[in-house]
$ cat structure37.cif   # mmCIF, C-alpha atoms
data_input
#
loop_
_atom_site.label_atom_id
_atom_site.label_comp_id
_atom_site.auth_asym_id
_atom_site.auth_seq_id
_atom_site.Cartn_x
_atom_site.Cartn_y
_atom_site.Cartn_z
CA MET A 381 1.00 5.27 22.38
CA GLY A 382 -2.35 3.64 22.02
CA ILE A 383 -2.86 0.38 20.22
CA PHE A 384 -4.91 0.90 17.07
CA GLN A 385 -7.67 -1.68 17.45
CA ASN A 386 -9.29 -2.90 14.28
CA ASN A 387 -12.43 -4.76 15.34
CA LEU A 388 -15.43 -3.78 13.20
CA LEU A 389 -13.32 -1.52 11.03
CA ALA A 390 -11.61 -4.62 9.70
CA GLY A 391 -14.52 -5.14 7.34
CA ALA A 392 -15.36 -8.59 6.04
CA GLY A 393 -12.12 -10.15 7.21
CA GLY A 394 -13.88 -10.86 10.49
CA GLN A 395 -17.43 -11.35 9.25
CA ALA A 396 -19.08 -14.26 7.51
CA GLY A 397 -22.71 -15.05 7.01
CA GLY A 398 -25.33 -13.31 9.13
CA GLY A 399 -26.19 -10.89 6.34
CA ALA A 400 -22.58 -10.17 5.44
CA ALA A 401 -23.29 -10.62 1.74
CA ALA A 402 -25.67 -7.67 1.82
CA LEU A 403 -22.89 -5.48 3.22
CA TYR A 404 -20.50 -5.92 0.31
CA ASP A 405 -21.53 -4.71 -3.12
CA TYR A 406 -17.98 -5.32 -4.33
CA GLN A 407 -16.21 -8.61 -3.71
CA ILE A 408 -12.48 -9.24 -3.37
CA GLU A 409 -12.06 -12.89 -4.29
CA GLN A 410 -8.53 -13.52 -3.02
CA SER A 411 -5.37 -12.17 -1.44
CA CYS A 412 -1.69 -13.04 -1.33
CA ARG A 413 -0.08 -14.56 1.75
CA TRP A 414 3.46 -13.43 2.64
CA GLU A 415 5.62 -15.53 4.98
CA ASP A 416 8.77 -13.40 5.40
CA SER A 417 11.93 -13.88 3.32
CA PRO A 418 12.16 -14.46 0.37
CA ASP A 419 8.56 -13.47 -0.44
CA GLN A 420 8.42 -10.31 -2.56
CA LEU A 421 7.23 -8.60 -5.73
CA GLN A 422 9.56 -6.35 -7.71
CA ILE A 423 9.71 -4.41 -10.94
CA THR A 424 13.08 -3.00 -12.03
CA SER A 425 11.97 -0.83 -14.94
CA PHE A 426 8.69 0.56 -16.25
CA GLY A 427 10.16 1.26 -19.66
CA GLN A 428 8.76 4.77 -19.94
CA ALA A 429 8.79 8.10 -18.15
CA PRO A 430 6.26 8.57 -15.35
CA THR A 431 3.16 10.67 -15.91
CA SER A 432 4.24 12.76 -12.92
CA SER A 433 7.23 12.85 -10.59
CA TYR A 434 5.23 14.93 -8.14
CA LYS A 435 1.84 13.35 -7.42
CA GLY A 436 0.10 10.02 -7.06
CA SER A 437 -1.53 7.55 -4.66
CA PHE A 438 -1.01 4.06 -3.25
CA SER A 439 -3.82 1.93 -1.79
CA CYS A 440 -3.97 -1.60 -0.41
CA TRP A 441 -5.78 -3.84 2.06
CA PHE A 442 -3.54 -5.62 4.56
CA LYS A 443 -3.62 -8.07 7.45
CA LEU A 444 -0.42 -8.57 9.43
CA THR A 445 0.58 -11.89 11.02
CA ASN A 446 3.54 -10.54 12.99
CA VAL A 447 4.55 -7.22 14.51
CA ALA A 448 7.90 -6.71 12.80
CA GLU A 449 9.63 -4.67 10.11
CA ASN A 450 7.02 -5.20 7.39
CA GLY A 451 7.73 -3.55 4.05
CA ILE A 452 4.57 -2.57 2.16
CA PHE A 453 5.70 -0.45 -0.81
CA THR A 454 9.23 0.80 -1.39
CA CYS A 455 11.35 2.09 -4.23
CA GLY A 456 14.98 2.99 -4.72
CA ASN A 457 18.23 1.36 -5.69
CA GLY A 458 20.21 2.27 -2.57
CA GLY A 459 23.42 4.25 -2.39
CA GLY A 460 21.72 7.61 -1.89
CA ASP A 461 19.71 7.18 -5.07
CA GLY A 462 16.47 8.56 -3.65
CA GLU A 463 13.98 6.33 -1.93
CA LEU A 464 10.36 5.88 -0.95
CA ASP A 465 9.62 3.88 2.19
CA LEU A 466 6.15 2.76 3.31
CA ARG A 467 6.43 0.18 6.06
CA PHE A 468 5.54 -0.95 9.55
CA ASN A 469 8.34 -0.63 12.08
CA SER A 470 9.29 -3.36 14.53
CA ASN A 471 7.43 -1.51 17.31
CA GLY A 472 4.19 -1.52 15.30
CA THR A 473 4.22 2.10 14.15
CA LEU A 474 3.68 2.99 10.49
CA ARG A 475 6.34 4.97 8.64
CA TYR A 476 6.02 6.78 5.32
CA ASN A 477 9.10 8.65 4.20
CA LEU A 478 10.93 10.05 1.22
CA TYR A 479 14.61 10.55 0.49
CA SER A 480 16.24 12.75 -2.12
CA GLY A 481 19.69 11.35 -2.62
CA SER A 482 20.83 10.53 0.91
CA SER A 483 18.74 13.29 2.52
CA GLN A 484 15.37 12.59 4.08
CA VAL A 485 12.94 15.19 2.74
CA GLY A 486 9.65 13.77 4.01
CA ASP A 487 8.74 11.64 7.01
CA LEU A 488 5.49 10.69 8.70
CA THR A 489 5.72 8.20 11.58
CA THR A 490 2.51 7.42 13.43
CA THR A 491 2.05 7.43 17.17
CA GLN A 492 -0.55 4.70 16.69
CA VAL A 493 0.76 1.18 16.78
CA PHE A 494 -0.71 -1.57 14.65
CA ARG A 495 -0.68 -4.83 16.57
CA ASP A 496 -4.06 -6.30 15.71
CA LEU A 497 -3.34 -9.49 13.78
CA SER A 498 -6.96 -10.59 13.49
CA GLY A 499 -8.55 -8.49 10.76
CA TRP A 500 -8.17 -6.61 7.50
CA MET A 501 -7.48 -2.89 7.29
CA HIS A 502 -7.24 -0.41 4.43
CA LEU A 503 -4.06 1.62 4.04
CA MET A 504 -3.72 4.52 1.64
CA VAL A 505 -1.08 7.19 1.14
CA ASN A 506 -0.87 9.98 -1.37
CA TRP A 507 1.65 12.60 -2.37
CA ASP A 508 1.38 15.92 -4.14
CA THR A 509 4.49 18.02 -3.77
CA THR A 510 2.98 20.70 -6.02
CA ASP A 511 0.51 21.64 -3.27
CA GLY A 512 1.08 25.05 -1.73
CA THR A 513 0.28 23.75 1.78
CA SER A 514 3.12 21.66 3.16
CA THR A 515 0.92 19.30 5.21
CA ASN A 516 -1.03 18.36 2.07
CA ARG A 517 2.06 17.04 0.30
CA MET A 518 2.09 13.67 2.08
CA LYS A 519 -0.94 12.00 3.67
CA ILE A 520 -1.76 8.68 5.32
CA TYR A 521 -5.23 7.20 5.66
CA ILE A 522 -6.32 4.14 7.65
CA ASN A 523 -9.79 2.77 6.98
CA GLY A 524 -10.77 5.96 5.20
CA THR A 525 -9.70 8.34 7.99
CA GLN A 526 -6.68 10.61 7.65
CA VAL A 527 -3.99 10.04 10.25
CA THR A 528 -2.91 13.32 11.86
CA ASP A 529 -1.05 12.24 15.02
CA PHE A 530 2.64 11.62 14.39
CA SER A 531 5.71 11.09 16.53
CA SER A 532 7.70 12.77 13.77
CA SER A 533 6.55 14.75 10.76
CA THR A 534 8.58 16.39 8.02
CA TYR A 535 7.04 17.46 4.74
CA PRO A 536 8.84 17.84 1.40
CA SER A 537 9.43 21.24 -0.10
CA GLN A 538 7.09 22.38 -2.84
CA ASN A 539 7.74 20.70 -6.21
CA GLN A 540 10.13 18.19 -4.65
CA ASN A 541 10.72 15.29 -7.03
CA ALA A 542 8.97 12.36 -5.37
CA PHE A 543 10.99 9.66 -7.17
CA PHE A 544 7.97 7.40 -7.55
CA PHE A 545 7.53 5.49 -10.79
CA GLY A 546 10.92 6.44 -12.22
CA ASN A 547 11.67 4.08 -15.08
CA SER A 548 15.13 3.13 -13.77
CA ARG A 549 14.26 2.60 -10.10
CA LYS A 550 13.41 -0.68 -8.45
CA HIS A 551 9.91 -0.73 -6.98
CA GLY A 552 9.02 -3.43 -4.49
CA ILE A 553 5.98 -4.74 -2.66
CA GLY A 554 6.44 -6.63 0.59
CA PHE A 555 10.13 -5.83 1.19
CA PHE A 556 12.79 -3.10 1.07
CA THR A 557 14.22 -2.72 -2.42
CA TRP A 558 17.46 -1.03 -1.34
CA ASN A 559 18.80 -3.80 0.91
CA GLY A 560 16.54 -6.81 0.39
CA SER A 561 15.28 -6.96 3.99
CA GLY A 562 11.97 -6.08 5.66
CA HIS A 563 10.01 -8.93 4.09
CA LEU A 564 6.33 -8.78 4.94
CA GLU A 565 4.61 -11.25 7.25
CA GLY A 566 0.92 -11.03 6.48
CA TYR A 567 -1.58 -10.69 3.65
CA LEU A 568 -2.13 -8.09 0.95
CA ALA A 569 -5.10 -7.55 -1.37
CA GLU A 570 -6.27 -5.02 -3.98
CA ILE A 571 -3.10 -3.00 -4.54
CA HIS A 572 -3.55 0.20 -6.56
CA ALA A 573 -0.84 2.71 -7.43
CA THR A 574 -1.75 5.77 -9.48
CA ASP A 575 0.83 7.81 -11.35
CA GLY A 576 -0.16 11.46 -11.74
CA THR A 577 -3.58 11.36 -10.05
CA VAL A 578 -4.14 11.98 -6.35
CA TYR A 579 -7.12 10.09 -4.96
CA THR A 580 -8.86 10.10 -1.61
CA PRO A 581 -9.86 6.80 0.05
CA SER A 582 -13.38 7.09 -1.37
CA GLN A 583 -12.00 5.89 -4.73
CA PHE A 584 -11.30 2.47 -3.23
CA GLY A 585 -13.53 2.15 -0.16
CA GLU A 586 -16.68 3.40 1.51
CA SER A 587 -18.34 3.43 4.90
CA LYS A 588 -21.42 1.23 5.24
CA ASN A 589 -23.19 0.47 8.50
CA GLY A 590 -20.22 2.00 10.30
CA VAL A 591 -17.72 -0.31 8.60
CA TRP A 592 -15.06 0.70 6.06
CA ILE A 593 -15.39 -1.74 3.16
CA PRO A 594 -13.90 -2.17 -0.33
CA LYS A 595 -15.46 -0.36 -3.27
CA ASP A 596 -15.42 -1.07 -7.01
CA PRO A 597 -12.35 0.81 -8.33
CA THR A 598 -13.76 1.21 -11.86
CA GLY A 599 -12.68 4.51 -13.39
CA THR A 600 -9.32 4.68 -11.63
CA SER A 601 -6.70 6.50 -13.72
CA TYR A 602 -3.30 4.80 -13.36
CA GLY A 603 -1.16 7.02 -15.59
CA ASN A 604 1.88 5.63 -17.39
CA ASN A 605 3.51 3.70 -14.57
CA GLY A 606 0.67 2.99 -12.17
CA PHE A 607 -0.54 -0.55 -11.54
CA TYR A 608 -3.32 -2.68 -10.07
CA ILE A 609 -2.33 -6.00 -8.53
CA ALA A 610 -5.35 -8.13 -7.66
CA PHE A 611 -3.60 -11.51 -7.27
CA GLU A 612 -6.15 -13.04 -9.64
CA ASN A 613 -3.71 -15.46 -11.28
CA ALA A 614 -2.03 -17.85 -8.84
CA SER A 615 0.63 -18.61 -11.44
CA ASP A 616 1.39 -14.92 -12.01
CA LEU A 617 0.86 -13.13 -8.70
CA GLY A 618 2.61 -9.97 -9.90
CA ASN A 619 0.30 -9.49 -12.88
CA ASP A 620 -0.80 -5.88 -13.43
CA SER A 621 -4.55 -5.68 -14.09
CA SER A 622 -4.59 -1.92 -14.76
CA GLY A 623 -4.08 -2.30 -18.51
CA ASN A 624 -0.54 -0.91 -18.32
CA ASN A 625 1.15 -4.32 -18.19
CA ASN A 626 3.47 -3.10 -15.44
CA ASP A 627 3.92 -6.66 -14.22
CA PHE A 628 5.97 -7.39 -11.10
CA THR A 629 8.25 -10.40 -10.77
CA ALA A 630 7.43 -12.67 -7.84
CA GLY A 631 10.11 -14.09 -5.58
CA GLY A 632 9.21 -16.85 -3.14
CA LEU A 633 5.51 -16.53 -3.90
CA GLY A 634 4.22 -19.82 -5.30
CA THR A 635 0.71 -20.68 -6.39
CA ASP A 636 -0.13 -21.74 -2.82
CA HIS A 637 0.33 -18.10 -1.72
CA GLN A 638 -2.93 -17.11 -3.41
CA VAL A 639 -5.56 -17.61 -0.71
CA LEU A 640 -9.28 -17.08 -0.30
CA ASP A 641 -8.91 -14.93 2.81
CA SER A 642 -9.75 -11.35 1.87
CA PRO A 643 -11.50 -8.22 3.18
CA THR A 644 -14.82 -9.66 1.96
CA PHE A 645 -14.10 -13.34 2.67
CA GLY A 646 -17.15 -15.33 3.76
CA SER A 647 -19.70 -12.88 2.38
#

$ encode --input "structure37.cif" --output "structure tokens"
Amino acid sequence: MGIFQNNLLAGAGGQAGGGAAALYDYQIEQSCRWEDSPDQLQITSFGQAPTSSYKGSFSCWFKLTNVAENGIFTCGNGGGDGELDLRFNSNGTLRYNLYSGSSQVGDLTTTQVFRDLSGWMHLMVNWDTTDGTSTNRMKIYINGTQVTDFSSSTYPSQNQNAFFFGNSRKHGIGFFTWNGSGHLEGYLAEIHATDGTVYTPSQFGESKNGVWIPKDPTGTSYGNNGFYIAFENASDLGNDSSGNNNDFTAGGLGTDHQVLDSPTFGS
């Protein structure tokens, strides 16, 4: 396995001054720092049916501070209820999988390992189980490029219920909802989840001067249960800025966890 080096692809996280301001047309003003347990965001009910149980997207910028089990976005109540799992494993690989009841119906685990703790990267996944081509039903992108090399790959059957955005399922950011472990050690910024619309990375980022950088997300369609967490309010870090008011409850994340470090910091 090769180590996925970030370097220039990290974007502004590693650049300040020297013309950096000209690189970024869109600024991310802050991020949220996660320091392991008990730091987390969780929503236990959306209060309405999802726009779609079959398609959507999740996008965020991240910077890890430890190679460990780092939960990014998960949902499920445990007990074979059906789960989504997007996380970094303790060996540095990235795993994106889906369970229906207690059966795993989709799994993508990268051969790449993510051990660069110095810079920001963009992570995006999407799902569309209505697609007639199995390999189009789950996708992972890093810095705008689709990941195609996996140590294991299983794709859901066509029209498999994806269990995302169900109004009675716990959804969590920065930990595993089903057992309360896997708390993130690192930083997150610009979290977008879209219910019913499948986007490509170009909705949230773009390549400029050979660097993948954030892009103004204006026009994003979030559906009923999608959300946009920008960490703009230090006193309410789980606030949903999408207009849906799908606010997450913060655990362990005080006002001091809002920080200036971001993918465009210093520009």

$ atom_distance --input "structure37.cif" --atom1 "atom CA of A:Trp500" --atom2 "atom CA of A:Ser642"
7.5 Å

$ residues_around --input "structure37.cif" --residues "A:Ser433" --least-positions-apart "6" --cutoff "10 Å" --atoms "only C-alpha atoms" --output "PDB file with C-alpha atoms, keeping the file's coordinate frame"
ATOM      1  CA  TRP A 507       1.650  12.600  -2.370  1.00  0.00           C
ATOM      2  CA  ASP A 508       1.380  15.920  -4.140  1.00  0.00           C
ATOM      3  CA  THR A 509       4.490  18.020  -3.770  1.00  0.00           C
ATOM      4  CA  ASN A 539       7.740  20.700  -6.210  1.00  0.00           C
ATOM      5  CA  GLN A 540      10.130  18.190  -4.650  1.00  0.00           C
ATOM      6  CA  ASN A 541      10.720  15.290  -7.030  1.00  0.00           C
ATOM      7  CA  ALA A 542       8.970  12.360  -5.370  1.00  0.00           C
ATOM      8  CA  PHE A 543      10.990   9.660  -7.170  1.00  0.00           C
ATOM      9  CA  PHE A 544       7.970   7.400  -7.550  1.00  0.00           C
ATOM     10  CA  PHE A 545       7.530   5.490 -10.790  1.00  0.00           C
ATOM     11  CA  GLY A 546      10.920   6.440 -12.220  1.00  0.00           C
ATOM     12  CA  ASP A 575       0.830   7.810 -11.350  1.00  0.00           C
ATOM     13  CA  GLY A 576      -0.160  11.460 -11.740  1.00  0.00           C
TER      14      GLY A 576
END

$ resolve_selection --input "structure37.cif" --expression "the PyMOL selection byres ((chain A and resi 555) around 12)" --output "MDAnalysis selection string"
chainID A and resid 414:422 448:456 464:468 550:554 556:566 630:632

$ closest_residue --input "structure37.cif" --among "A:Leu617, A:Leu474, A:Met518, A:Ile609" --to "A:Ser439" --atoms "all atoms listed in the file"
A:Ile609

$ resolve_selection --input "structure37.cif" --expression "the PyMOL selection byres ((chain A and resi 501) around 7)" --output "PDB file with C-alpha atoms, in the frame of the given file"
ATOM      1  CA  ALA A 390     -11.610  -4.620   9.700  1.00  0.00           C
ATOM      2  CA  TRP A 441      -5.780  -3.840   2.060  1.00  0.00           C
ATOM      3  CA  PHE A 442      -3.540  -5.620   4.560  1.00  0.00           C
ATOM      4  CA  LYS A 443      -3.620  -8.070   7.450  1.00  0.00           C
ATOM      5  CA  GLY A 499      -8.550  -8.490  10.760  1.00  0.00           C
ATOM      6  CA  TRP A 500      -8.170  -6.610   7.500  1.00  0.00           C
ATOM      7  CA  HIS A 502      -7.240  -0.410   4.430  1.00  0.00           C
ATOM      8  CA  LEU A 503      -4.060   1.620   4.040  1.00  0.00           C
ATOM      9  CA  ASN A 523      -9.790   2.770   6.980  1.00  0.00           C
TER      10      ASN A 523
END

$ closest_residue --input "structure37.cif" --among "A:Trp592, A:Tyr521, A:Phe607, A:Tyr434" --to "A:Glu570" --atoms "all atoms listed in the file"
A:Phe607

$ resolve_selection --input "structure37.cif" --expression "the PyMOL selection byres ((chain A and resi 428) around 10)" --output "list of chain:residue names"
A:Ser425, A:Phe426, A:Gly427, A:Ala429, A:Pro430, A:Thr431, A:Phe545, A:Gly546, A:Asn547, A:Ser548, A:Asn604, A:Asn605

$ atom_distance --input "structure37.cif" --atom1 "atom CA of A:Asn613" --atom2 "atom CA of A:Ile423"
17.4 Å

$ closest_residue --input "structure37.cif" --among "A:Pro643, A:Pro597, A:Gly436, A:Gly481" --to "A:Lys519" --atoms "all atoms listed in the file"
A:Gly436

$ closest_residue --input "structure37.cif" --among "A:Ser532, A:Thr574, A:Ser480, A:Ser615" --to "A:Cys440" --atoms "all atoms listed in the file"
A:Thr574

$ atom_distance --input "structure37.cif" --atom1 "atom CA of A:Val493" --atom2 "atom CA of A:Ala573"
24.3 Å

$ residues_around --input "structure37.cif" --residues "A:Leu640" --least-positions-apart "3" --cutoff "8 Å" --atoms "only C-alpha atoms" --output "list in words"
Glu409, Gln410, Ser411 and Phe645 of chain A

$ write_last_selection --input "structure37.cif" --atoms "C-alpha atoms" --output "PDB file, in the coordinates of the input"
ATOM      1  CA  GLU A 409     -12.060 -12.890  -4.290  1.00  0.00           C
ATOM      2  CA  GLN A 410      -8.530 -13.520  -3.020  1.00  0.00           C
ATOM      3  CA  SER A 411      -5.370 -12.170  -1.440  1.00  0.00           C
ATOM      4  CA  PHE A 645     -14.100 -13.340   2.670  1.00  0.00           C
TER       5      PHE A 645
END

$ residues_around --input "structure37.cif" --residues "A:Thr490" --least-positions-apart "3" --cutoff "6 Å" --atoms "all atoms listed in the file" --output "ChimeraX atom specification"
/A:473-474,530-531

$ write_last_selection --input "structure37.cif" --atoms "C-alpha atoms" --output "JSON list (two decimals), in the frame of the given file"
[["chain", "number", "residue", "atom", "x", "y", "z"],
["A", 473, "THR", "CA", 4.22, 2.10, 14.15],
["A", 474, "LEU", "CA", 3.68, 2.99, 10.49],
["A", 530, "PHE", "CA", 2.64, 11.62, 14.39],
["A", 531, "SER", "CA", 5.71, 11.09, 16.53]]

$ decode --input "structure37.cif" --residues "stretch 530-563 of chain A" --atoms "N, CA and C atoms" --output "mmCIF file, in the first residue's frame"
data_model
loop_
_atom_site.group_PDB
_atom_site.id
_atom_site.type_symbol
_atom_site.label_atom_id
_atom_site.label_comp_id
_atom_site.auth_asym_id
_atom_site.auth_seq_id
_atom_site.Cartn_x
_atom_site.Cartn_y
_atom_site.Cartn_z
ATOM 1 N N PHE A 530 -9.206 -0.520 -4.614
ATOM 2 C CA PHE A 530 -9.738 -0.948 -3.325
ATOM 3 C C PHE A 530 -9.194 -2.317 -2.934
ATOM 4 N N SER A 531 -8.995 -2.495 -1.635
ATOM 5 C CA SER A 531 -8.622 -3.813 -1.131
ATOM 6 C C SER A 531 -9.840 -4.716 -1.036
ATOM 7 N N SER A 532 -11.013 -4.132 -0.902
ATOM 8 C CA SER A 532 -12.267 -4.873 -0.979
ATOM 9 C C SER A 532 -13.323 -3.968 -1.590
ATOM 10 N N SER A 533 -14.188 -4.550 -2.384
ATOM 11 C CA SER A 533 -15.237 -3.757 -3.033
ATOM 12 C C SER A 533 -16.467 -4.621 -3.251
ATOM 13 N N THR A 534 -17.557 -4.202 -2.652
ATOM 14 C CA THR A 534 -18.857 -4.828 -2.832
ATOM 15 C C THR A 534 -19.864 -3.720 -3.063
ATOM 16 N N TYR A 535 -20.703 -3.879 -4.070
ATOM 17 C CA TYR A 535 -21.652 -2.825 -4.403
ATOM 18 C C TYR A 535 -23.080 -3.298 -4.122
ATOM 19 N N PRO A 536 -23.935 -2.391 -3.644
ATOM 20 C CA PRO A 536 -25.308 -2.790 -3.331
ATOM 21 C C PRO A 536 -26.088 -3.179 -4.580
ATOM 22 N N SER A 537 -27.082 -3.992 -4.378
ATOM 23 C CA SER A 537 -27.965 -4.351 -5.489
ATOM 24 C C SER A 537 -28.766 -3.136 -5.927
ATOM 25 N N GLN A 538 -29.294 -3.187 -7.130
ATOM 26 C CA GLN A 538 -30.051 -2.058 -7.652
ATOM 27 C C GLN A 538 -31.306 -1.824 -6.798
ATOM 28 N N ASN A 539 -31.537 -0.537 -6.509
ATOM 29 C CA ASN A 539 -32.677 -0.085 -5.705
ATOM 30 C C ASN A 539 -32.619 -0.555 -4.250
ATOM 31 N N GLN A 540 -31.397 -0.841 -3.784
ATOM 32 C CA GLN A 540 -31.205 -1.137 -2.367
ATOM 33 C C GLN A 540 -31.492 0.118 -1.546
ATOM 34 N N ASN A 541 -32.301 -0.029 -0.507
ATOM 35 C CA ASN A 541 -32.533 1.086 0.404
ATOM 36 C C ASN A 541 -31.221 1.453 1.076
ATOM 37 N N ALA A 542 -30.825 2.716 0.951
ATOM 38 C CA ALA A 542 -29.520 3.143 1.457
ATOM 39 C C ALA A 542 -29.542 3.545 2.926
ATOM 40 N N PHE A 543 -30.703 3.700 3.516
ATOM 41 C CA PHE A 543 -30.850 3.984 4.945
ATOM 42 C C PHE A 543 -30.344 5.357 5.371
ATOM 43 N N PHE A 544 -29.897 6.173 4.451
ATOM 44 C CA PHE A 544 -29.474 7.518 4.816
ATOM 45 C C PHE A 544 -30.706 8.384 5.074
ATOM 46 N N PHE A 545 -30.579 9.286 6.007
ATOM 47 C CA PHE A 545 -31.578 10.334 6.237
ATOM 48 C C PHE A 545 -32.937 9.805 6.690
ATOM 49 N N GLY A 546 -32.990 8.550 7.169
ATOM 50 C CA GLY A 546 -34.229 8.062 7.737
ATOM 51 C C GLY A 546 -34.579 8.859 8.983
ATOM 52 N N ASN A 547 -35.853 9.171 9.163
ATOM 53 C CA ASN A 547 -36.216 10.098 10.239
ATOM 54 C C ASN A 547 -36.153 9.474 11.632
ATOM 55 N N SER A 548 -35.917 8.171 11.742
ATOM 56 C CA SER A 548 -35.818 7.553 13.060
ATOM 57 C C SER A 548 -34.425 6.997 13.340
ATOM 58 N N ARG A 549 -33.467 7.299 12.478
ATOM 59 C CA ARG A 549 -32.109 6.787 12.667
ATOM 60 C C ARG A 549 -31.175 7.885 13.178
ATOM 61 N N LYS A 550 -30.287 7.487 14.084
ATOM 62 C CA LYS A 550 -29.273 8.409 14.555
ATOM 63 C C LYS A 550 -28.246 8.641 13.453
ATOM 64 N N HIS A 551 -27.907 9.892 13.222
ATOM 65 C CA HIS A 551 -26.850 10.251 12.290
ATOM 66 C C HIS A 551 -25.771 10.999 13.074
ATOM 67 N N GLY A 552 -24.527 10.620 12.863
ATOM 68 C CA GLY A 552 -23.455 11.202 13.638
ATOM 69 C C GLY A 552 -22.295 11.673 12.790
ATOM 70 N N ILE A 553 -21.645 12.705 13.234
ATOM 71 C CA ILE A 553 -20.435 13.234 12.609
ATOM 72 C C ILE A 553 -19.320 13.150 13.642
ATOM 73 N N GLY A 554 -18.217 12.516 13.258
ATOM 74 C CA GLY A 554 -17.059 12.444 14.134
ATOM 75 C C GLY A 554 -17.079 11.307 15.130
ATOM 76 N N PHE A 555 -17.956 10.311 14.952
ATOM 77 C CA PHE A 555 -17.957 9.126 15.807
ATOM 78 C C PHE A 555 -18.896 8.082 15.207
ATOM 79 N N PHE A 556 -18.940 6.886 15.835
ATOM 80 C CA PHE A 556 -19.815 5.813 15.375
ATOM 81 C C PHE A 556 -21.107 5.853 16.180
ATOM 82 N N THR A 557 -22.228 6.039 15.505
ATOM 83 C CA THR A 557 -23.493 6.190 16.226
ATOM 84 C C THR A 557 -23.935 4.898 16.914
ATOM 85 N N TRP A 558 -23.562 3.745 16.377
ATOM 86 C CA TRP A 558 -24.122 2.491 16.881
ATOM 87 C C TRP A 558 -23.449 1.998 18.165
ATOM 88 N N ASN A 559 -22.223 2.457 18.465
ATOM 89 C CA ASN A 559 -21.613 2.001 19.721
ATOM 90 C C ASN A 559 -20.884 3.113 20.472
ATOM 91 N N GLY A 560 -20.927 4.337 19.948
ATOM 92 C CA GLY A 560 -20.355 5.467 20.658
ATOM 93 C C GLY A 560 -18.842 5.538 20.651
ATOM 94 N N SER A 561 -18.171 4.767 19.795
ATOM 95 C CA SER A 561 -16.708 4.798 19.728
ATOM 96 C C SER A 561 -16.268 5.532 18.459
ATOM 97 N N GLY A 562 -14.994 5.362 18.099
ATOM 98 C CA GLY A 562 -14.486 5.917 16.849
ATOM 99 C C GLY A 562 -14.477 7.426 16.784
ATOM 100 N N HIS A 563 -14.292 8.098 17.919
ATOM 101 C CA HIS A 563 -14.301 9.555 17.929
ATOM 102 C C HIS A 563 -13.113 10.120 17.143
#
